[in-house]
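See below for query.txt, which holds compact mmCIF, C-alpha atoms.
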# COMPACT_ATOMS: atom_id res chain seq x y z
CA MET X 108 84.30 105.04 79.93
CA MET X 109 85.16 101.64 78.46
CA ILE X 110 82.54 99.38 76.88
CA PRO X 111 84.31 96.20 75.69
CA LYS X 112 83.48 94.86 72.25
CA SER X 113 85.39 91.63 72.81
CA ILE X 114 86.79 89.59 75.73
CA ASP X 115 89.18 86.63 75.59
CA ILE X 116 89.46 84.28 78.58
CA PHE X 117 92.49 81.97 78.64
CA CYS X 118 92.63 78.91 80.88
CA LYS X 119 95.02 75.95 81.05
CA ILE X 120 93.30 72.86 82.44
CA ILE X 121 95.62 70.35 84.08
CA ASP X 122 93.66 67.57 85.80
CA ASN X 123 90.58 68.91 87.52
CA TYR X 124 87.22 70.55 87.00
CA GLY X 125 87.66 73.48 89.36
CA ASP X 126 89.44 75.79 86.92
CA ILE X 127 87.04 75.18 84.05
CA GLY X 128 84.11 75.47 86.47
CA VAL X 129 85.16 79.00 87.38
CA VAL X 130 86.00 80.03 83.81
CA TYR X 131 82.79 78.59 82.35
CA ARG X 132 80.73 80.41 85.00
CA LEU X 133 82.65 83.66 84.48
CA ALA X 134 82.16 83.52 80.70
CA LYS X 135 78.41 83.00 81.08
CA GLU X 136 78.05 85.92 83.46
CA LEU X 137 80.20 88.25 81.36
CA LYS X 138 78.03 87.39 78.35
CA ARG X 139 74.95 88.32 80.37
CA VAL X 140 76.50 91.65 81.40
CA TYR X 141 78.05 92.46 78.01
CA GLN X 142 75.45 91.02 75.66
CA ASP X 143 76.88 92.74 72.57
CA ALA X 144 80.48 91.75 73.25
CA LYS X 145 82.16 88.74 71.66
CA ILE X 146 83.24 86.40 74.45
CA ARG X 147 85.84 83.75 73.61
CA VAL X 148 87.23 81.04 75.91
CA ILE X 149 90.60 79.60 74.84
CA LEU X 150 91.44 76.21 76.39
CA ASN X 151 94.34 73.76 76.05
CA LYS X 152 91.87 70.85 76.07
CA LEU X 153 88.11 70.34 76.08
CA GLU X 154 87.46 67.06 77.92
CA GLU X 155 86.51 68.78 81.19
CA LEU X 156 84.43 71.46 79.46
CA VAL X 157 82.37 68.81 77.64
CA LYS X 158 81.50 67.23 81.00
CA VAL X 159 80.73 70.54 82.70
CA ASN X 160 78.62 71.68 79.74
CA PRO X 161 77.34 68.73 77.65
CA LYS X 162 76.24 71.12 74.88
CA THR X 163 79.90 71.54 73.93
CA LYS X 164 81.78 69.04 71.75
CA GLU X 165 85.38 68.03 71.06
CA LEU X 166 85.76 70.67 68.34
CA ASP X 167 88.56 73.12 67.59
CA TYR X 168 86.08 76.01 67.31
CA GLN X 169 82.46 76.21 68.41
CA GLU X 170 79.88 78.68 69.64
CA VAL X 171 77.52 77.62 72.43
CA ASN X 172 74.93 79.96 73.96
CA GLY X 173 76.67 82.99 72.47
CA ILE X 174 80.13 82.06 73.79
CA VAL X 175 82.94 80.89 71.51
CA TYR X 176 85.16 78.04 72.74
CA ILE X 177 88.49 77.53 70.95
CA LYS X 178 91.28 74.98 71.38
CA GLU X 179 94.54 76.78 72.06
CA ASP X 180 96.60 74.96 69.39
CA PHE X 181 93.99 75.76 66.73
CA PHE X 182 93.86 79.38 67.87
CA LYS X 183 97.65 79.68 67.62
CA LYS X 184 97.63 78.42 64.03
CA ASN X 185 94.79 80.76 63.06
CA LEU X 186 95.70 83.81 65.13
CA LYS X 187 95.96 86.02 62.06
CA LYS X 188 92.34 85.18 61.19
CA TYR X 189 90.82 85.50 64.67
CA GLY X 190 92.96 88.30 66.13
CA VAL X 191 93.02 89.59 69.72
CA SER X 192 90.34 91.14 71.94
CA ASP X 193 89.84 94.43 73.78
CA ILE X 194 90.07 92.71 77.16
CA ILE X 195 92.18 89.67 78.00
CA ILE X 196 91.57 87.56 81.09
CA GLU X 197 94.46 85.26 81.99
CA ALA X 198 93.00 82.76 84.43
CA PHE X 199 95.21 81.36 87.19
CA GLY X 200 98.60 82.29 85.69
CA CYS X 201 98.11 80.09 82.63
CA ASP X 202 100.78 81.88 80.50
CA ILE X 203 99.22 83.15 77.29
CA PHE X 204 101.27 82.23 74.23
CA LYS X 205 103.73 84.88 73.07
CA SER X 206 102.46 85.41 69.52
CA TYR X 207 99.11 86.51 71.03
CA THR X 208 100.57 88.82 73.68
CA ASP X 209 102.91 90.44 71.15
CA ILE X 210 99.89 91.57 69.09
CA ALA X 211 97.84 92.36 72.23
CA LYS X 212 100.48 94.81 73.43
CA GLU X 213 99.73 96.89 70.34
CA LYS X 214 95.97 96.36 69.93
CA SER X 215 94.33 95.30 73.22
CA LYS X 216 93.38 97.64 76.09
CA LEU X 217 93.24 95.70 79.35
CA TRP X 218 94.92 92.47 80.50
CA ILE X 219 93.44 91.02 83.68
CA ASN X 220 95.54 88.51 85.61
CA LEU X 221 92.78 86.58 87.39
CA GLU X 222 94.26 84.78 90.40
CA TYR X 223 92.92 81.91 92.50
CA LEU X 224 90.38 82.63 95.21
CA SER X 225 92.00 83.34 98.58
CA GLY X 226 90.96 84.35 102.08
CA GLU X 227 94.40 85.69 102.95
CA LYS X 228 94.36 89.34 103.98
CA TRP X 229 97.41 90.41 101.92
CA ILE X 230 95.50 90.00 98.64
CA GLU X 231 93.60 93.23 99.35
CA ASP X 232 96.86 95.18 98.91
CA PHE X 233 97.60 93.52 95.56
CA HIS X 234 94.07 93.65 94.16
CA LEU X 235 93.92 95.94 91.07
CA GLN X 236 97.63 96.72 91.27
CA GLU X 237 99.43 97.06 87.95
CA SER X 238 101.81 94.42 86.66
CA LEU X 239 104.41 96.17 84.53
CA ILE X 240 104.75 95.01 80.93
CA ASP X 241 106.60 96.51 77.97
CA SER X 242 103.62 98.20 76.37
CA GLU X 243 102.48 101.82 76.23
CA LYS X 244 98.93 100.90 75.24
CA LEU X 245 98.08 97.70 77.12
CA LYS X 246 97.69 97.73 80.91
CA LYS X 247 97.95 94.52 82.94
CA ILE X 248 96.40 94.32 86.43
CA PHE X 249 96.21 91.75 89.21
CA TYR X 250 92.65 90.72 90.00
CA MET X 251 92.43 88.93 93.35
CA PRO X 252 89.16 87.07 94.09
CA GLY X 253 88.42 86.87 97.80
CA PHE X 254 85.91 86.85 100.62
CA THR X 255 86.00 90.56 101.52
CA ASP X 256 84.61 93.78 100.05
CA LYS X 257 88.18 95.07 99.46
CA SER X 258 89.13 92.01 97.39
CA GLY X 259 87.90 91.02 93.93
CA GLY X 260 84.99 89.05 95.41
CA ILE X 261 83.36 85.84 94.17
CA ILE X 262 81.27 84.99 91.12
CA LEU X 263 77.61 85.58 91.98
CA ASP X 264 76.07 84.70 88.64
CA LYS X 265 72.41 85.49 88.12
CA SER X 266 71.50 82.02 86.85
CA PHE X 267 72.81 80.42 90.04
CA MET X 268 70.94 82.91 92.21
CA GLN X 269 67.74 81.92 90.41
CA ARG X 270 68.46 78.22 91.03
CA LYS X 271 69.08 79.00 94.70
CA LYS X 272 65.65 80.60 94.98
CA ILE X 273 63.93 77.67 93.26
CA GLY X 274 65.83 75.13 95.38
CA ILE X 275 64.69 76.80 98.58
CA THR X 276 61.05 77.43 97.59
CA ASP X 277 60.47 74.17 95.65
CA LYS X 278 62.87 71.77 97.37
CA TYR X 279 60.87 68.58 96.87
CA LYS X 280 59.93 69.41 93.29
CA VAL X 281 63.60 69.89 92.36
CA LEU X 282 64.76 66.70 94.09
CA GLU X 283 61.94 64.55 92.72
CA LYS X 284 62.86 65.71 89.22
CA TYR X 285 66.11 63.77 89.62
CA PHE X 286 65.04 61.02 92.03
CA SER X 287 61.39 60.08 91.61
CA GLU X 288 61.96 56.71 93.32
CA ILE X 289 62.90 58.31 96.68
CA SER X 290 60.58 60.01 99.17
CA PHE X 291 62.14 63.18 100.60
CA GLU X 292 59.40 64.14 103.06
CA ASN X 293 60.73 64.78 106.58
CA LYS X 294 64.27 63.69 105.67
CA MET X 295 67.65 65.38 105.97
CA VAL X 296 69.22 65.75 102.52
CA GLY X 297 72.93 66.33 101.93
CA THR X 298 75.61 66.16 99.25
CA ILE X 299 79.20 64.98 99.65
CA PHE X 300 81.94 65.95 97.18
CA SER X 301 85.46 65.35 98.47
CA TYR X 302 88.93 63.98 97.93
CA GLU X 303 89.80 60.58 99.44
CA LYS X 304 88.43 60.54 102.98
CA ASN X 305 87.12 58.20 105.68
CA PHE X 306 83.46 59.04 106.32
CA LYS X 307 82.65 56.23 108.75
CA ASN X 308 82.19 58.59 111.72
CA LEU X 309 79.87 60.81 109.67
CA LEU X 310 77.60 57.90 108.79
CA ILE X 311 77.58 56.68 112.39
CA GLU X 312 76.54 60.17 113.50
CA LEU X 313 73.83 60.49 110.85
CA ASN X 314 72.28 57.24 112.06
CA LYS X 315 71.83 58.88 115.49
CA ILE X 316 69.88 62.00 114.45
CA GLU X 317 66.09 62.25 114.55
CA LYS X 318 65.50 62.32 110.81
CA ASP X 319 66.42 59.73 108.22
CA THR X 320 69.07 61.00 105.79
CA ILE X 321 69.52 60.93 102.03
CA LEU X 322 73.08 61.52 100.80
CA PHE X 323 74.05 62.27 97.22
CA ILE X 324 77.63 61.09 96.72
CA MET X 325 79.42 63.20 94.11
CA GLY X 326 82.62 62.25 92.33
CA GLU X 327 84.58 59.04 91.95
CA LYS X 328 86.95 59.75 94.84
CA THR X 329 84.09 60.24 97.31
CA GLN X 330 82.21 57.19 96.07
CA LYS X 331 85.28 54.94 96.35
CA SER X 332 86.08 56.32 99.81
CA ILE X 333 82.66 55.47 101.19
CA LEU X 334 82.54 51.99 99.66
CA GLU X 335 86.02 51.09 100.94
CA VAL X 336 85.42 52.02 104.58
CA LEU X 337 81.92 50.68 105.10
CA ASP X 338 81.17 47.22 106.40
CA LYS X 339 79.90 45.38 103.30
CA ASN X 340 77.70 43.17 105.48
CA ILE X 341 75.78 46.17 106.78
CA LEU X 342 75.61 48.07 103.48
CA GLU X 343 72.48 47.11 101.54
CA ASN X 344 72.78 47.58 97.78
CA PHE X 345 69.57 48.24 95.83
CA GLY X 346 71.15 49.04 92.46
CA ASN X 347 70.33 52.72 92.02
CA PHE X 348 71.00 53.44 95.70
CA MET X 349 72.44 51.88 98.85
CA LYS X 350 71.24 51.82 102.45
CA TYR X 351 73.36 52.04 105.59
CA GLY X 352 71.13 51.94 108.64
CA ARG X 353 68.72 54.90 108.29
CA ILE X 354 70.80 56.52 105.54
CA VAL X 355 70.07 56.21 101.84
CA LEU X 356 73.19 56.81 99.70
CA LYS X 357 72.93 57.60 96.00
CA ASN X 358 76.09 57.53 93.87
CA MET X 359 75.68 60.29 91.30
CA ASP X 360 76.85 60.19 87.70
CA PHE X 361 78.87 63.20 86.57
CA LEU X 362 76.59 66.25 86.55
CA SER X 363 76.64 69.35 84.42
CA GLN X 364 77.33 72.55 86.32
CA GLU X 365 73.65 73.50 86.15
CA GLU X 366 72.45 70.09 87.40
CA TYR X 367 74.87 70.20 90.33
CA GLU X 368 73.64 73.68 91.23
CA GLU X 369 70.02 72.55 91.28
CA ILE X 370 70.71 69.61 93.59
CA ILE X 371 72.86 71.48 96.13
CA SER X 372 70.33 74.33 96.16
CA ALA X 373 67.61 71.89 97.22
CA SER X 374 69.77 70.04 99.78
CA ASP X 375 69.97 70.86 103.50
CA PHE X 376 73.77 70.72 103.74
CA ASN X 377 76.67 70.40 101.32
CA PHE X 378 80.19 69.01 101.70
CA THR X 379 82.31 70.46 98.88
CA ARG X 380 85.79 70.54 97.47
CA GLY X 381 87.54 72.99 95.17
CA GLU X 382 86.99 76.70 94.58
CA ASP X 383 83.84 76.69 92.49
CA SER X 384 81.77 74.31 94.63
CA ILE X 385 82.69 75.93 97.97
CA VAL X 386 81.64 79.32 96.64
CA ARG X 387 78.26 77.85 95.58
CA ALA X 388 77.83 76.35 99.06
CA LEU X 389 78.64 79.66 100.75
CA ILE X 390 76.20 81.62 98.59
CA LEU X 391 73.45 79.13 99.42
CA GLY X 392 73.78 80.00 103.11
CA LYS X 393 73.42 76.39 104.25
CA PRO X 394 75.67 74.37 106.59
CA PHE X 395 78.78 73.19 104.72
CA LEU X 396 82.15 71.53 105.08
CA TRP X 397 84.99 72.36 102.68
CA HIS X 398 87.57 69.70 101.81
CA ILE X 399 90.35 72.05 100.78
CA TYR X 400 92.99 70.85 98.32
CA VAL X 401 95.90 69.36 100.30
CA GLN X 402 99.30 71.01 99.82
CA ASP X 403 102.89 70.34 100.91
CA GLU X 404 104.03 71.69 104.27
CA ARG X 405 100.34 71.95 105.27
CA ILE X 406 99.88 75.22 103.39
CA HIS X 407 96.25 74.21 102.88
CA MET X 408 95.66 74.70 106.61
CA ASP X 409 96.98 78.26 106.41
CA LYS X 410 94.57 78.93 103.55
CA LEU X 411 91.69 77.33 105.44
CA ASN X 412 92.44 79.39 108.57
CA ALA X 413 92.53 82.57 106.47
CA PHE X 414 89.10 81.73 105.06
CA ILE X 415 87.75 81.01 108.56
CA ASP X 416 89.07 84.36 109.79
CA ARG X 417 87.33 86.21 106.91
CA PHE X 418 84.14 84.26 107.60
CA GLU X 419 84.14 85.18 111.28
CA GLU X 420 85.00 88.87 110.89
CA SER X 421 82.36 89.51 108.23
CA ILE X 422 79.23 88.80 110.28
CA LYS X 423 77.64 89.98 113.52
CA LEU X 424 76.65 87.15 115.85
CA SER X 425 74.88 86.70 119.17
CA ILE X 426 76.81 85.23 122.10
CA LYS X 427 75.14 81.87 121.50
CA GLU X 428 76.03 81.97 117.81
CA LYS X 429 79.63 82.90 118.64
CA ASN X 430 79.93 79.89 120.93
CA VAL X 431 78.55 77.56 118.28
CA LEU X 432 80.84 79.08 115.65
CA GLN X 433 83.88 78.13 117.74
CA LYS X 434 82.77 74.49 117.63
CA TYR X 435 81.99 74.74 113.92
CA LYS X 436 85.43 76.24 113.21
CA LYS X 437 87.08 73.31 115.00
CA LEU X 438 85.08 70.88 112.87
CA LEU X 439 86.18 72.68 109.68
CA ARG X 440 89.81 72.43 110.78
CA ASP X 441 89.61 68.81 111.90
CA TYR X 442 87.89 67.89 108.64
CA ASN X 443 90.97 69.13 106.76
CA ASP X 444 93.76 68.23 109.21
CA ARG X 445 95.88 65.92 107.05
CA ASP X 446 99.29 65.68 105.39
CA GLU X 447 97.89 63.70 102.47
CA ASN X 448 94.56 62.38 101.24
CA SER X 449 93.90 58.93 102.67
CA LEU X 450 91.26 56.70 104.27
CA LYS X 451 92.76 57.21 107.72
CA LEU X 452 90.07 57.89 110.31
CA GLY X 453 90.00 61.58 111.28
CA ASN X 454 89.22 63.39 114.52
CA GLU X 455 86.08 65.17 113.33
CA ASP X 456 83.18 65.47 115.74
CA TYR X 457 80.32 65.56 113.24
CA SER X 458 77.76 65.74 116.06
CA VAL X 459 78.50 69.49 116.22
CA LEU X 460 77.02 69.99 112.76
CA PHE X 461 73.76 68.21 113.50
CA GLU X 462 73.31 69.13 117.18
CA TYR X 463 73.57 72.85 116.34
CA PHE X 464 72.26 72.59 112.78
CA SER X 465 69.67 75.39 112.97
CA ILE X 466 72.15 77.82 114.58
CA ILE X 467 74.88 76.99 112.05
CA GLU X 468 72.31 77.52 109.30
CA LYS X 469 71.59 81.04 110.62
CA ILE X 470 75.33 81.80 110.76
CA CYS X 471 75.75 80.62 107.17
CA GLU X 472 72.75 82.68 106.06
CA LYS X 473 74.35 85.80 107.53
CA TYR X 474 77.58 85.11 105.68
CA SER X 475 75.70 84.46 102.45
CA ASN X 476 73.98 87.84 102.80
CA PHE X 477 77.35 89.54 103.31
CA LEU X 478 78.87 87.87 100.23
CA THR X 479 75.83 88.70 98.10
CA GLU X 480 75.77 92.35 99.11
CA GLU X 481 79.51 93.12 99.22
CA CYS X 482 81.48 90.60 97.15
CA ASN X 483 80.04 90.34 93.64
CA LEU X 484 83.10 89.72 91.42
CA VAL X 485 81.51 90.50 88.07
CA GLU X 486 79.87 93.69 89.33
CA LYS X 487 83.21 94.79 90.79
CA LEU X 488 84.97 93.96 87.52
CA LYS X 489 82.29 95.75 85.50
CA LYS X 490 82.75 98.87 87.61
CA TYR X 491 86.52 98.74 87.14
CA ILE X 492 86.21 98.29 83.37
CA LYS X 493 83.70 101.12 83.12
CA GLY X 494 86.10 103.48 84.84
CA PHE X 495 89.18 102.26 82.99

Output the file's structure as structure tokens, nothing else.
Amino acid sequence: MMIPKSIDIFCKIIDNYGDIGVVYRLAKELKRVYQDAKIRVILNKLEELVKVNPKTKELDYQEVNGIVYIKEDFFKKNLKKYGVSDIIIEAFGCDIFKSYTDIAKEKSKLWINLEYLSGEKWIEDFHLQESLIDSEKLKKIFYMPGFTDKSGGIILDKSFMQRKKIGITDKYKVLEKYFSEISFENKMVGTIFSYEKNFKNLLIELNKIEKDTILFIMGEKTQKSILEVLDKNILENFGNFMKYGRIVLKNMDFLSQEEYEEIISASDFNFTRGEDSIVRALILGKPFLWHIYVQDERIHMDKLNAFIDRFEESIKLSIKEKNVLQKYKKLLRDYNDRDENSLKLGNEDYSVLFEYFSIIEKICEKYSNFLTEECNLVEKLKKYIKGF
């Protein structure tokens, strides 16, 4: 039975917050599970981490909430001093530097190659398979996060689950903490976090529904998209928020991971992008749309369809729910049907989301229950490590 004394997580951040979002969340949950273990996160740069967790600073070496964060260049120069860990997690094929792996092959025990989240069925065959390396002592395995019980699962961290509960039971209290100037009573509340996209049809549709709507606009790309496609003569600007018909729009400053979690937990629906935010939306069990990262040759649509297939096969639905799911699936596909990110008007029929909102909510709740019960990544990883 293996009880790790130390864990190193390596991640190479290129130009987004998705990778660090996953790694930061994973580190926090591993620290909760292995309280006595030394958890270190080794990063090529810290700019994104400082935004995701404002407690961190632009320092070569720091410890925050029991987790050590180290800049990769500094770690390389001081490898002799800091050494290697029992368990190595290589996030998203980031290529750990050779001087570290040379020592690890003699002194470390387990090297986990943590891949990107995928809904594709083939990952189940590769999950926990060994990747051969020239070491008699160190074993390297593929760890494949996914949406099924046979995959590596998703990160269901305890702190987020607590925020989910508070967001559902104390919705208005949570929202008013951030936005005391807005009344939320009897209003539809949603968040939008996307790549460049034309949302004109969404706003037209929201102005037709029974309730007034409050939208929290997350991220510079989403905010620019909405401003560029709206008629400036109709958009009323009140400084801290804007009004478009019966919709109040609030452009949000960059949020810490914990702040973002609180707001989406208290919202009625969430439009997300990237791996970390879509997983949060799914766990919440609320209606969602996922703006998947666009890829050449429309590979993103293959990935989206794989996710939709896993979604559909994982839950038992009534005939009525099945019929609504078909419409919802079409909306998810149309929302992502593009060759590149642009402000071109899409073919989405957003009325599906709001006309069948309560049924879609029940479908999402069922999927959330499945993920919570069967797909806990850290619990799966803990079980594997224990039996290693």

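Rounded to one decimal, CA of Lys434 in chain X and CA of Ile467 in chain X lie 10.0 Å from each other.
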
Review point. Quick one: residues within 6 Å of range 143-158 of chain X, only C-alpha atoms counted, chain neighbours fewer than 2 positions away excluded, as a PyMOL selection string?
Key: chain X and resi 112-119+141+160-161+163-164+174-179

Leaving out range 253-264 of chain X and any residue of its chain fewer than 6 positions from it, which residues lie within 7 Å of it when counting all atoms listed in the file, given as an mmCIF file with C-alpha atoms, in the frame of the given file?
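Just written: around00.cif:
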data_model
loop_
_atom_site.group_PDB
_atom_site.id
_atom_site.type_symbol
_atom_site.label_atom_id
_atom_site.label_comp_id
_atom_site.auth_asym_id
_atom_site.auth_seq_id
_atom_site.Cartn_x
_atom_site.Cartn_y
_atom_site.Cartn_z
ATOM 1 C CA LEU X 133 82.650 83.660 84.480
ATOM 2 C CA GLU X 136 78.050 85.920 83.460
ATOM 3 C CA LEU X 224 90.380 82.630 95.210
ATOM 4 C CA SER X 225 92.000 83.340 98.580
ATOM 5 C CA GLY X 226 90.960 84.350 102.080
ATOM 6 C CA ILE X 230 95.500 90.000 98.640
ATOM 7 C CA GLU X 231 93.600 93.230 99.350
ATOM 8 C CA HIS X 234 94.070 93.650 94.160
ATOM 9 C CA ARG X 417 87.330 86.210 106.910
ATOM 10 C CA GLU X 481 79.510 93.120 99.220
ATOM 11 C CA CYS X 482 81.480 90.600 97.150
ATOM 12 C CA ASN X 483 80.040 90.340 93.640
ATOM 13 C CA LEU X 484 83.100 89.720 91.420
ATOM 14 C CA VAL X 485 81.510 90.500 88.070
ATOM 15 C CA LYS X 487 83.210 94.790 90.790
#

Review point. Which residue gives the smallest distance to Ser465 in chain X among X:Val130, X:Ile299, X:Val431, X:Ala211, with all atoms listed in the file counted?
Key: X:Val431

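For Glu447 in chain X, the non-local neighbours within 9 Å, defined as residues at least 3 positions apart in the same chain or in other chains and counting all atoms listed in the file, are Val401, Gln402 and Asp403 of chain X.
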
Practice item. For Tyr285 in chain X, please output as a count of residues only all residues within 12 Å (counting only C-alpha atoms; exclusion window: fewer than 4 positions along the same chain). Key: 17

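Residue nearest Ile466 in chain X, chosen from X:Lys489, X:Lys294, X:Lys138, X:Lys393 and counting all atoms listed in the file: X:Lys393.
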
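Across the structure, CA of Asn305 in chain X and CA of Val386 in chain X are spaced 23.6 Å apart.
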
Quick one: everything within 8 Å of Tyr124 in chain X, counting all atoms listed in the file, minus sequence neighbours fewer than 3 positions away in the same chain. Send it as a short mmCIF file (atom, residue, chain, number, x, y, z; two decimals) with C-alpha atoms, keeping the file's coordinate frame.
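Output below, filename selection-v4.cif:
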data_model
loop_
_atom_site.label_atom_id
_atom_site.label_comp_id
_atom_site.auth_asym_id
_atom_site.auth_seq_id
_atom_site.Cartn_x
_atom_site.Cartn_y
_atom_site.Cartn_z
CA ILE X 120 93.30 72.86 82.44
CA ILE X 127 87.04 75.18 84.05
CA GLY X 128 84.11 75.47 86.47
CA GLU X 155 86.51 68.78 81.19
CA VAL X 159 80.73 70.54 82.70
#

Check your understanding: Between X:Lys469, X:His398, X:Lys451, X:Lys188, which has the minimum distance to Lys423 in chain X (counting all atoms listed in the file)?
Key -> X:Lys469

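In this model, the gap between CA of Leu432 in chain X and CA of Val459 in chain X comes to 9.9 Å.
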
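Among the candidate residues X:Leu221, X:Ile248, X:Leu391, X:Val140, the one lying nearest to Lys265 in chain X is X:Val140, with distances computed using only C-alpha atoms.
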